[in-house]
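Content type CSV, C-alpha atoms and all ligand atoms, from the file final.csv:
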```csv
chain,number,residue,atom,x,y,z
F,6,MET,CA,3.0,15.6,13.6
F,7,ARG,CA,4.0,14.5,10.1
F,8,ILE,CA,2.7,11.2,8.9
F,9,LEU,CA,4.2,9.8,5.7
F,10,THR,CA,3.5,6.7,3.6
F,11,GLY,CA,3.9,5.5,0.1
F,12,LEU,CA,2.5,2.9,-2.2
F,13,GLN,CA,4.1,1.4,-5.3
F,14,PRO,CA,2.3,1.9,-8.7
F,15,THR,CA,2.7,-1.7,-9.8
F,16,GLY,CA,-0.8,-2.9,-10.6
F,17,LYS,CA,-4.5,-2.7,-10.0
F,18,LEU,CA,-5.3,-2.3,-6.3
F,19,HIS,CA,-7.1,-5.2,-4.6
F,20,ILE,CA,-9.2,-5.3,-1.5
F,21,GLY,CA,-6.2,-6.7,0.5
F,22,ASN,CA,-4.3,-3.4,-0.4
F,23,TYR,CA,-7.4,-1.5,0.6
F,24,PHE,CA,-8.0,-3.0,4.0
F,25,GLY,CA,-4.3,-3.5,4.7
F,26,ALA,CA,-2.8,-0.3,3.5
F,27,MET,CA,-4.9,2.3,1.8
F,28,GLU,CA,-7.8,2.6,4.2
F,29,PRO,CA,-5.7,2.8,7.4
F,30,ALA,CA,-3.3,5.2,5.9
F,31,VAL,CA,-6.1,7.6,4.7
F,32,ARG,CA,-7.8,7.4,8.0
F,33,LEU,CA,-4.6,8.7,9.7
F,34,GLN,CA,-4.8,12.0,7.8
F,35,GLU,CA,-7.2,13.1,10.6
F,36,GLU,CA,-4.4,12.8,13.1
F,37,GLY,CA,-1.6,14.9,11.6
F,38,GLU,CA,-0.1,16.4,8.5
F,39,GLY,CA,-0.3,13.6,5.9
F,40,PHE,CA,2.3,13.1,3.3
F,41,TYR,CA,1.3,10.5,0.7
F,42,PHE,CA,3.2,9.6,-2.3
F,43,ILE,CA,3.3,7.2,-5.3
F,44,ALA,CA,6.6,5.4,-5.3
F,45,ASN,CA,7.4,5.5,-9.0
F,46,TYR,CA,11.2,5.3,-8.7
F,47,HIS,CA,10.7,2.2,-6.6
F,48,ALA,CA,8.4,0.7,-9.2
F,49,MET,CA,11.2,1.0,-11.8
F,50,THR,CA,12.8,-2.0,-10.1
F,51,THR,CA,10.1,-4.2,-11.6
F,52,VAL,CA,8.0,-2.2,-14.2
F,53,LYS,CA,10.0,-1.8,-17.3
F,54,ASN,CA,7.4,-0.4,-19.7
F,55,PRO,CA,7.1,3.4,-19.6
F,56,ALA,CA,3.5,3.6,-20.8
F,57,GLU,CA,2.6,1.0,-18.1
F,58,LEU,CA,4.5,2.9,-15.4
F,59,ARG,CA,2.7,6.2,-16.3
F,60,ASN,CA,-0.6,4.4,-16.4
F,61,TRP,CA,-0.2,2.7,-13.0
F,62,CYS,CA,0.8,6.1,-11.5
F,63,ARG,CA,-2.4,7.7,-12.8
F,64,GLU,CA,-4.6,4.8,-11.7
F,65,LEU,CA,-3.1,4.8,-8.2
F,66,ALA,CA,-3.5,8.6,-7.9
F,67,ILE,CA,-7.2,8.2,-8.8
F,68,ASP,CA,-7.6,5.3,-6.4
F,69,PHE,CA,-6.0,7.3,-3.5
F,70,LEU,CA,-8.3,10.2,-4.1
F,71,ALA,CA,-11.4,7.9,-4.5
F,72,CYS,CA,-10.5,6.3,-1.2
F,73,GLY,CA,-10.7,9.6,0.6
F,74,LEU,CA,-7.3,11.2,0.5
F,75,ASP,CA,-8.1,14.9,0.8
F,76,PRO,CA,-5.5,16.9,-1.2
F,77,GLU,CA,-6.4,20.1,0.6
F,78,ARG,CA,-5.5,18.6,3.9
F,79,SER,CA,-2.7,16.3,2.9
F,80,VAL,CA,0.3,16.6,0.7
F,81,PHE,CA,-0.1,14.1,-2.2
F,82,PHE,CA,2.6,13.7,-4.7
F,83,LEU,CA,4.7,11.6,-7.1
F,84,GLN,CA,8.0,10.4,-5.6
F,85,SER,CA,9.7,11.7,-8.8
F,86,ALA,CA,8.3,15.3,-8.2
F,87,VAL,CA,11.2,15.5,-5.7
F,88,PRO,CA,14.2,14.1,-7.5
F,89,GLU,CA,16.4,15.3,-4.6
F,90,VAL,CA,15.3,12.1,-2.9
F,91,ASN,CA,18.0,10.4,-4.9
F,92,GLU,CA,20.6,12.7,-3.5
F,93,LEU,CA,19.7,11.8,0.0
F,94,ALA,CA,19.6,8.2,-0.9
F,95,TRP,CA,23.1,8.5,-2.1
F,96,MET,CA,24.2,10.1,1.1
F,97,LEU,CA,22.5,7.3,3.1
F,98,SER,CA,24.1,4.7,1.0
F,99,THR,CA,27.5,5.9,2.1
F,100,VAL,CA,26.7,4.9,5.7
F,101,CYS,CA,24.7,1.8,4.9
F,102,PRO,CA,26.6,-1.6,5.4
F,103,VAL,CA,26.2,-3.9,2.4
F,104,SER,CA,25.6,-6.7,4.9
F,105,GLN,CA,22.4,-5.0,6.1
F,106,LEU,CA,20.9,-4.9,2.6
F,107,GLU,CA,22.0,-8.5,2.0
F,108,LYS,CA,19.8,-9.5,5.0
F,109,ALA,CA,16.6,-7.7,3.8
F,110,HIS,CA,13.8,-10.2,3.6
F,111,SER,CA,12.0,-8.7,0.6
F,112,TYR,CA,15.2,-8.7,-1.3
F,113,LYS,CA,16.0,-12.3,-0.3
F,114,ASP,CA,12.5,-13.4,-1.1
F,115,LYS,CA,12.7,-12.1,-4.6
F,116,VAL,CA,16.1,-13.7,-5.1
F,117,ALA,CA,14.7,-17.0,-3.7
F,118,HIS,CA,11.9,-16.8,-6.2
F,119,GLY,CA,14.4,-16.8,-9.0
F,120,PHE,CA,14.2,-13.1,-9.7
F,121,SER,CA,17.6,-11.9,-11.0
F,122,PRO,CA,18.2,-8.8,-8.8
F,123,ASN,CA,19.3,-5.5,-10.1
F,124,HIS,CA,21.2,-2.9,-8.0
F,125,GLY,CA,18.0,-0.9,-7.6
F,126,LEU,CA,16.2,-3.8,-6.0
F,127,PHE,CA,19.2,-4.3,-3.7
F,128,ALA,CA,19.3,-0.6,-2.8
F,129,TYR,CA,15.5,-0.4,-2.5
F,130,PRO,CA,15.6,0.1,1.3
F,131,VAL,CA,18.0,3.0,1.1
F,132,LEU,CA,15.7,4.9,-1.3
F,133,MET,CA,12.8,4.1,1.0
F,134,ALA,CA,14.8,5.5,4.0
F,135,ALA,CA,15.4,8.6,1.9
F,136,ASP,CA,11.7,8.9,1.2
F,137,ILE,CA,11.0,9.0,4.9
F,138,LEU,CA,13.9,11.0,6.2
F,139,LEU,CA,13.7,13.7,3.5
F,140,TYR,CA,10.5,15.0,5.0
F,141,ASP,CA,11.4,14.8,8.7
F,142,SER,CA,8.6,12.3,9.1
F,143,ASP,CA,7.4,11.5,12.6
F,144,GLN,CA,5.3,8.5,11.9
F,145,VAL,CA,5.3,6.0,9.1
F,146,PRO,CA,2.3,3.6,8.8
F,147,VAL,CA,3.1,0.4,6.9
F,148,GLY,CA,2.1,-3.2,6.7
F,149,LYS,CA,4.1,-5.9,8.5
F,150,ASP,CA,6.0,-6.7,5.3
F,151,GLN,CA,7.7,-3.3,5.6
F,152,LYS,CA,8.8,-3.6,9.2
F,153,GLN,CA,12.4,-4.4,8.4
F,154,HIS,CA,12.7,-1.5,5.9
F,155,LEU,CA,11.6,0.8,8.7
F,156,GLU,CA,14.3,-0.6,11.0
F,157,ILE,CA,16.9,0.0,8.3
F,158,THR,CA,15.5,3.6,8.0
F,159,ARG,CA,15.9,4.2,11.7
F,160,ASP,CA,19.3,2.7,11.7
F,161,LEU,CA,20.6,4.8,8.8
F,162,ALA,CA,19.2,8.0,10.4
F,163,GLY,CA,21.1,7.0,13.6
F,164,LYS,CA,24.3,6.4,11.7
F,165,MET,CA,24.0,9.8,10.0
F,166,ASN,CA,23.4,11.5,13.3
F,167,GLU,CA,26.4,9.7,14.8
F,168,ALA,CA,28.7,10.7,11.9
F,169,TYR,CA,27.4,14.3,11.3
F,170,GLY,CA,25.8,15.4,14.6
F,171,GLU,CA,22.6,14.8,16.4
F,172,GLY,CA,19.6,16.4,14.6
F,173,THR,CA,21.0,15.9,11.2
F,174,LEU,CA,18.0,13.6,10.5
F,175,LYS,CA,14.9,12.9,12.4
F,176,VAL,CA,14.4,9.3,13.5
F,177,PRO,CA,10.8,8.3,12.7
F,178,GLU,CA,8.4,6.0,14.6
F,179,PRO,CA,7.1,3.1,12.6
F,180,ILE,CA,3.4,2.3,13.0
F,181,ILE,CA,3.2,-1.4,12.0
F,182,ARG,CA,-0.2,-2.8,11.5
F,183,GLU,CA,0.6,-6.1,13.2
F,184,SER,CA,-3.0,-6.7,14.2
F,185,SER,CA,-4.7,-6.1,10.9
F,186,ALA,CA,-5.4,-9.5,9.6
F,187,VAL,CA,-4.1,-10.6,6.2
F,188,VAL,CA,-6.9,-10.5,3.7
F,189,PRO,CA,-7.2,-13.9,2.1
F,190,GLY,CA,-7.4,-14.2,-1.7
F,191,LEU,CA,-10.0,-16.1,-3.8
F,192,ASP,CA,-7.9,-19.3,-3.4
F,193,GLY,CA,-7.5,-19.0,0.3
F,194,GLN,CA,-3.8,-17.9,0.3
F,195,LYS,CA,-2.8,-14.3,1.1
F,196,MET,CA,-4.4,-12.0,-1.5
F,197,SER,CA,-1.6,-10.8,-3.7
F,198,LYS,CA,-1.3,-9.7,-7.3
F,199,SER,CA,1.6,-12.1,-7.6
F,200,TYR,CA,-0.7,-15.1,-6.8
F,201,ASN,CA,-3.4,-14.1,-9.3
F,202,ASN,CA,-6.1,-14.6,-6.6
F,203,THR,CA,-7.3,-11.0,-6.1
F,204,LEU,CA,-10.7,-9.4,-5.8
F,205,PRO,CA,-10.0,-5.9,-7.2
F,206,LEU,CA,-11.0,-2.9,-5.3
F,207,PHE,CA,-12.6,-1.3,-8.4
F,208,VAL,CA,-14.2,-3.7,-10.9
F,209,GLU,CA,-17.4,-3.9,-12.9
F,210,ALA,CA,-20.2,-5.9,-11.3
F,211,ASP,CA,-20.1,-8.6,-14.0
F,212,GLU,CA,-16.4,-9.2,-13.4
F,213,ALA,CA,-16.9,-9.3,-9.6
F,214,LYS,CA,-19.7,-11.8,-10.1
F,215,LYS,CA,-17.5,-14.0,-12.2
F,216,LEU,CA,-14.7,-13.9,-9.7
F,217,ILE,CA,-16.8,-14.6,-6.6
F,218,MET,CA,-19.2,-17.2,-8.1
F,219,LYS,CA,-16.6,-19.1,-10.2
F,220,LYS,CA,-13.2,-18.5,-8.7
F,221,LEU,CA,-13.7,-18.2,-4.9
F,222,VAL,CA,-12.8,-21.5,-3.4
F,223,THR,CA,-15.1,-23.3,-0.9
F,224,ASP,CA,-15.0,-26.8,0.5
F,225,ALA,CA,-17.0,-29.8,-0.5
F,226,THR,CA,-19.5,-29.8,2.5
F,227,PRO,CA,-22.9,-31.0,1.2
F,228,LEU,CA,-25.7,-28.5,1.1
F,229,ASP,CA,-27.6,-30.0,4.0
F,230,GLU,CA,-24.7,-30.1,6.4
F,231,PRO,CA,-23.4,-27.3,8.7
F,232,LYS,CA,-20.5,-25.5,7.1
F,233,PRO,CA,-17.1,-25.0,8.9
F,234,LYS,CA,-16.6,-21.4,9.8
F,235,GLU,CA,-13.0,-21.7,10.6
F,236,ASN,CA,-10.7,-21.1,7.6
F,237,SER,CA,-13.7,-20.1,5.4
F,238,THR,CA,-12.4,-17.6,2.9
F,239,LEU,CA,-15.9,-16.7,1.9
F,240,LEU,CA,-16.8,-15.8,5.5
F,241,ALA,CA,-13.5,-13.9,6.1
F,242,LEU,CA,-14.2,-11.7,3.0
F,243,TYR,CA,-17.9,-11.2,4.1
F,244,ARG,CA,-16.8,-10.0,7.5
F,245,LEU,CA,-14.9,-7.2,5.8
F,246,VAL,CA,-17.7,-5.9,3.7
F,247,ALA,CA,-21.0,-6.8,5.5
F,248,GLY,CA,-22.6,-5.2,8.5
F,249,ALA,CA,-22.5,-7.0,11.9
F,250,ASP,CA,-26.1,-8.3,11.7
F,251,ALA,CA,-25.6,-9.7,8.2
F,252,VAL,CA,-22.4,-11.4,9.4
F,253,ALA,CA,-24.2,-12.9,12.4
F,254,ALA,CA,-26.9,-14.2,10.1
F,255,MET,CA,-24.4,-15.8,7.7
F,256,GLU,CA,-22.6,-17.4,10.6
F,257,ALA,CA,-25.9,-18.8,12.0
F,258,ASP,CA,-26.7,-20.2,8.5
F,259,TYR,CA,-23.3,-21.8,8.3
F,260,ASP,CA,-24.0,-23.5,11.7
F,261,ARG,CA,-27.5,-24.6,10.8
F,262,GLY,CA,-26.8,-26.2,7.4
F,263,GLY,CA,-29.3,-26.4,4.6
F,264,ILE,CA,-27.9,-23.5,2.6
F,265,GLY,CA,-25.4,-24.0,-0.2
F,266,TYR,CA,-22.3,-22.0,-0.9
F,267,GLY,CA,-23.9,-20.5,-4.0
F,268,ASP,CA,-26.3,-18.6,-1.8
F,269,PHE,CA,-23.5,-17.4,0.5
F,270,LYS,CA,-21.5,-16.2,-2.5
F,271,LYS,CA,-24.5,-14.2,-3.7
F,272,ARG,CA,-24.7,-12.5,-0.4
F,273,LEU,CA,-20.9,-11.8,-0.5
F,274,LEU,CA,-21.2,-10.3,-4.0
F,275,GLU,CA,-24.0,-8.0,-3.0
F,276,ALA,CA,-22.2,-6.8,0.2
F,277,TYR,CA,-19.0,-6.3,-1.8
F,278,LEU,CA,-20.8,-4.2,-4.4
F,279,ALA,CA,-22.7,-2.2,-1.9
F,280,TYR,CA,-19.6,-1.5,0.3
F,281,PHE,CA,-17.5,-0.2,-2.6
F,282,GLU,CA,-20.3,1.6,-4.5
F,283,PRO,CA,-19.7,5.1,-3.1
F,284,LEU,CA,-16.0,4.8,-3.7
F,285,LYS,CA,-16.5,3.6,-7.2
F,286,LYS,CA,-18.8,6.4,-7.9
F,287,ARG,CA,-16.3,8.9,-6.6
F,288,ARG,CA,-13.6,7.2,-8.6
F,289,ASP,CA,-15.6,7.4,-11.9
F,290,GLU,CA,-16.1,11.2,-11.2
F,291,ILE,CA,-12.4,11.8,-10.6
F,292,ALA,CA,-11.3,9.7,-13.6
F,293,ALA,CA,-13.6,11.7,-15.8
F,294,ASP,CA,-11.5,14.9,-15.0
F,295,PRO,CA,-7.8,14.1,-15.8
F,296,GLY,CA,-6.9,17.8,-15.4
F,297,TYR,CA,-8.0,17.6,-11.7
F,298,VAL,CA,-5.6,14.7,-11.0
F,299,ASP,CA,-2.7,16.5,-12.7
F,300,ALA,CA,-3.4,19.7,-10.8
F,301,VAL,CA,-3.6,17.9,-7.5
F,302,LEU,CA,-0.3,16.1,-8.1
F,303,ALA,CA,1.5,19.3,-9.4
F,304,LYS,CA,0.5,21.2,-6.3
F,305,GLY,CA,1.4,18.3,-4.0
F,306,GLY,CA,4.8,18.0,-5.7
F,307,LEU,CA,5.6,21.7,-5.0
F,308,ARG,CA,4.6,21.4,-1.4
F,309,ALA,CA,6.6,18.2,-0.9
F,310,ARG,CA,9.6,19.8,-2.6
F,311,GLU,CA,9.5,22.8,-0.3
F,312,ALA,CA,9.5,20.6,2.8
F,313,ALA,CA,12.3,18.5,1.3
F,314,THR,CA,14.5,21.5,0.6
F,315,VAL,CA,14.6,22.5,4.3
F,316,VAL,CA,15.9,19.0,5.3
F,317,LEU,CA,18.2,18.6,2.4
F,318,ASP,CA,19.9,22.0,3.0
F,319,ARG,CA,20.5,20.9,6.6
F,320,VAL,CA,22.0,17.6,5.6
F,321,ARG,CA,24.1,19.2,2.8
F,322,ARG,CA,25.6,21.6,5.4
F,323,ALA,CA,26.1,18.9,8.0
F,324,THR,CA,27.9,16.6,5.6
F,325,GLY,CA,30.2,19.2,4.0
F,326,ILE,CA,28.5,19.0,0.6
F,327,ALA,CA,27.4,22.6,1.0
Z,1,LIG,P1,0.8,-7.4,-3.5
Z,1,LIG,O1,1.1,-8.5,-2.5
Z,1,LIG,O2,-0.6,-7.6,-4.2
Z,1,LIG,O3,1.9,-7.2,-4.5
Z,1,LIG,P2,1.9,-5.1,-2.3
Z,1,LIG,O4,3.1,-5.9,-1.8
Z,1,LIG,O5,2.2,-4.1,-3.3
Z,1,LIG,O6,0.7,-6.1,-2.7
Z,1,LIG,O7,1.3,-4.4,-1.0
Z,1,LIG,C1,1.0,-3.0,-0.9
Z,1,LIG,C2,0.5,-2.8,0.5
Z,1,LIG,O8,-0.8,-3.6,0.7
Z,1,LIG,C3,1.4,-3.3,1.6
Z,1,LIG,O9,1.5,-2.3,2.6
Z,1,LIG,C4,0.8,-4.5,2.2
Z,1,LIG,O10,1.0,-4.6,3.6
Z,1,LIG,C5,-0.7,-4.4,1.9
Z,1,LIG,N1,-1.3,-5.7,1.5
Z,1,LIG,C6,-1.0,-6.4,0.4
Z,1,LIG,N2,-1.7,-7.6,0.4
Z,1,LIG,C7,-2.4,-7.6,1.5
Z,1,LIG,C8,-3.3,-8.6,2.1
Z,1,LIG,N3,-3.7,-9.7,1.5
Z,1,LIG,N4,-3.9,-8.3,3.3
Z,1,LIG,C9,-3.5,-7.1,4.0
Z,1,LIG,N5,-2.7,-6.2,3.5
Z,1,LIG,C10,-2.1,-6.4,2.3
Z,2,LIG,N1,8.1,-0.2,0.1
Z,2,LIG,C1,6.7,0.2,0.2
Z,2,LIG,C2,5.8,-1.0,-0.3
Z,2,LIG,O1,6.2,-1.7,-1.1
Z,2,LIG,C3,6.4,1.4,-0.6
Z,2,LIG,C4,7.2,2.6,-0.1
Z,2,LIG,C5,8.3,3.2,-0.7
Z,2,LIG,C6,7.1,3.3,1.2
Z,2,LIG,N2,8.8,4.2,0.1
Z,2,LIG,C7,8.1,4.3,1.2
Z,2,LIG,C8,6.2,3.1,2.3
Z,2,LIG,C9,8.2,5.1,2.3
Z,2,LIG,C10,6.3,3.9,3.4
Z,2,LIG,C11,7.3,4.9,3.4
Z,2,LIG,O2,4.6,-1.1,0.2
```

Could you write out this file's structure as structure tokens?
Ligand code: ADP
Ligand code: TRP
Amino acid sequence: MRILTGLQPTGKLHIGNYFGAMEPAVRLQEEGEGFYFIANYHAMTTVKNPAELRNWCRELAIDFLACGLDPERSVFFLQSAVPEVNELAWMLSTVCPVSQLEKAHSYKDKVAHGFSPNHGLFAYPVLMAADILLYDSDQVPVGKDQKQHLEITRDLAGKMNEAYGEGTLKVPEPIIRESSAVVPGLDGQKMSKSYNNTLPLFVEADEAKKLIMKKLVTDATPLDEPKPKENSTLLALYRLVAGADAVAAMEADYDRGGIGYGDFKKRLLEAYLAYFEPLKKRRDEIAADPGYVDAVLAKGGLRAREAATVVLDRVRRATGIA
């Protein structure tokens, strides 16, 4: 079974990305043949600075490896290592109704937020469909926000099969993480780099301290009184990084009162640092050896391209291009 997923190299990863996307995706490599890629063509729709794009790709590659992606077991590559993905995207675009893209939420959201859309942003779901279909992927784990893109992918595969014969493209199964809770940001909204409310996944202890002690919002309950557990961002974050006993102890202290938020924040900071310490250590080791990252991506790119050639040859023949 082939499991494929991608992440865009558009900024520093935060713990929302980690718990919502990275960790569940990396865990799945135990269950099949993992294909993981860095969606750098997609990132071009928003990142216009070449040095920045290269840098985010490298950072994300190091993050992936630090989070446990095993390049021996899984195929790890840059989207651009297989430029043929653009050829399949073109073919898919010829069966994709414009009206379907006009209805895409992520496109509509960006436009609603005043973003002047380029054609790449409009066609984003078609390239994403090509990413998935080019590798005969069986399963595609993604967050809820990508659900519609997966529906478009399945629909386009169906349209190609209708036009050019069953089996031209494999129709993948989405694995949507409906249940995984949204990680709240320091201000209580969804954690997102667009809201400037993130707790980064990899950050120096000083910076983490500043963010948690100064920026994390709490309510104005006086020290002596019991603290409300519901909607507590501090507690929600603590549940992600602390052990069950420590969480139970903090909940009891919330109920009892007599302890201020400063104390709870210190506990959160300690748990956060302890939780990510081994990953950070691994990250520092990987980052110190740039040749290693290049070699991993080069090898992954070749393996991905081999797999892609099989599918693209089949589609070229089916469509009459070859
Ligand atoms: P951002 O909102 O910071 O721009 P992206 O949209 O690039 O993050 O998200 C990349 C992946 O991380 C997506 O699969 C998304 O589902 C997941 N993700 C992002 N933010 C969160 C969050 N706060 N909680 C859970 N998952 C998240
Ligand atoms: N659109 C995805 C995101 O923003 C990234 C992505 C691009 C992707 N191509 C993909 C995810 C193919 C899964 C499969 O998170």

May I have a table of the residues of region 26-81 of chain F lying at most 10 Å from region 273-289 of chain F, giving each one's closest pair of atoms and their distance in Å to one decimal, counting all atoms listed in the file, ordered by chain and ascending residue number, as a Markdown table?
```
| residue | atom | partner | partner_atom | distance |
| --- | --- | --- | --- | --- |
| F:Glu64 | CA | F:Arg288 | CA | 9.8 |
| F:Ile67 | CA | F:Arg288 | CA | 6.5 |
| F:Asp68 | CA | F:Arg288 | CA | 6.7 |
| F:Phe69 | CA | F:Arg288 | CA | 9.2 |
| F:Leu70 | CA | F:Arg288 | CA | 7.6 |
| F:Ala71 | CA | F:Arg288 | CA | 4.7 |
| F:Cys72 | CA | F:Leu284 | CA | 6.2 |
| F:Gly73 | CA | F:Leu284 | CA | 8.3 |
```

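Going from CA of Val100 (chain F) to CA of Leu174 (chain F) covers 13.2 Å.
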
Please report, as CSV, each residue of chain F lying at most 6 Å from ligand LIG 2 (chain Z), together with the nearest pair of atoms and the separation in Å rounded to one decimal; use only C-alpha atoms and all ligand atoms, and order rows by chain and ascending residue number.
```
residue,atom,partner,partner_atom,distance
F:Thr10,CA,Z:LIG2,C10,4.0
F:Gly11,CA,Z:LIG2,C8,4.0
F:Leu12,CA,Z:LIG2,C3,4.5
F:Gln13,CA,Z:LIG2,C3,5.2
F:Ala44,CA,Z:LIG2,C5,5.4
F:Met133,CA,Z:LIG2,N2,4.1
F:Asp136,CA,Z:LIG2,C9,5.3
F:Ile137,CA,Z:LIG2,C9,5.5
F:Val147,CA,Z:LIG2,C10,5.9
```

Spatial neighbours of region 23-26 of chain F, 10 Å, all atoms listed in the file, chain gap at least 2 places, as a PDB file with C-alpha atoms, in the coordinates of the input:
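Output (around_14.pdb):
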```
ATOM      1  CA  THR F  10       3.500   6.700   3.600  1.00  0.00           C
ATOM      2  CA  GLY F  11       3.900   5.500   0.100  1.00  0.00           C
ATOM      3  CA  LEU F  12       2.500   2.900  -2.200  1.00  0.00           C
ATOM      4  CA  LEU F  18      -5.300  -2.300  -6.300  1.00  0.00           C
ATOM      5  CA  HIS F  19      -7.100  -5.200  -4.600  1.00  0.00           C
ATOM      6  CA  ILE F  20      -9.200  -5.300  -1.500  1.00  0.00           C
ATOM      7  CA  GLY F  21      -6.200  -6.700   0.500  1.00  0.00           C
ATOM      8  CA  GLU F  28      -7.800   2.600   4.200  1.00  0.00           C
ATOM      9  CA  PRO F  29      -5.700   2.800   7.400  1.00  0.00           C
ATOM     10  CA  ALA F  30      -3.300   5.200   5.900  1.00  0.00           C
ATOM     11  CA  VAL F  31      -6.100   7.600   4.700  1.00  0.00           C
ATOM     12  CA  ASP F  68      -7.600   5.300  -6.400  1.00  0.00           C
ATOM     13  CA  PHE F  69      -6.000   7.300  -3.500  1.00  0.00           C
ATOM     14  CA  CYS F  72     -10.500   6.300  -1.200  1.00  0.00           C
ATOM     15  CA  PRO F 146       2.300   3.600   8.800  1.00  0.00           C
ATOM     16  CA  VAL F 147       3.100   0.400   6.900  1.00  0.00           C
ATOM     17  CA  GLY F 148       2.100  -3.200   6.700  1.00  0.00           C
ATOM     18  CA  LYS F 149       4.100  -5.900   8.500  1.00  0.00           C
ATOM     19  CA  ARG F 182      -0.200  -2.800  11.500  1.00  0.00           C
ATOM     20  CA  SER F 185      -4.700  -6.100  10.900  1.00  0.00           C
ATOM     21  CA  ALA F 186      -5.400  -9.500   9.600  1.00  0.00           C
ATOM     22  CA  VAL F 187      -4.100 -10.600   6.200  1.00  0.00           C
ATOM     23  CA  VAL F 188      -6.900 -10.500   3.700  1.00  0.00           C
ATOM     24  CA  PRO F 205     -10.000  -5.900  -7.200  1.00  0.00           C
ATOM     25  CA  LEU F 206     -11.000  -2.900  -5.300  1.00  0.00           C
ATOM     26  CA  LEU F 245     -14.900  -7.200   5.800  1.00  0.00           C
TER      27      LEU F 245
END
```

- Write out as a PyMOL selection string which residues come within 9 Å of region 108-120 of chain F when counting only C-alpha atoms, dropping same-chain ones fewer than 5 positions away. chain F and resi 103+126-127+129-130+150-151+153-154+157

- Query: What separation in Å, quoted to one decimal, exists between CA of Tyr259 (chain F) and CA of Gln194 (chain F)?
  - Reply: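 Going from CA of Tyr259 (chain F) over to CA of Gln194 (chain F), I get 21.4 Å.
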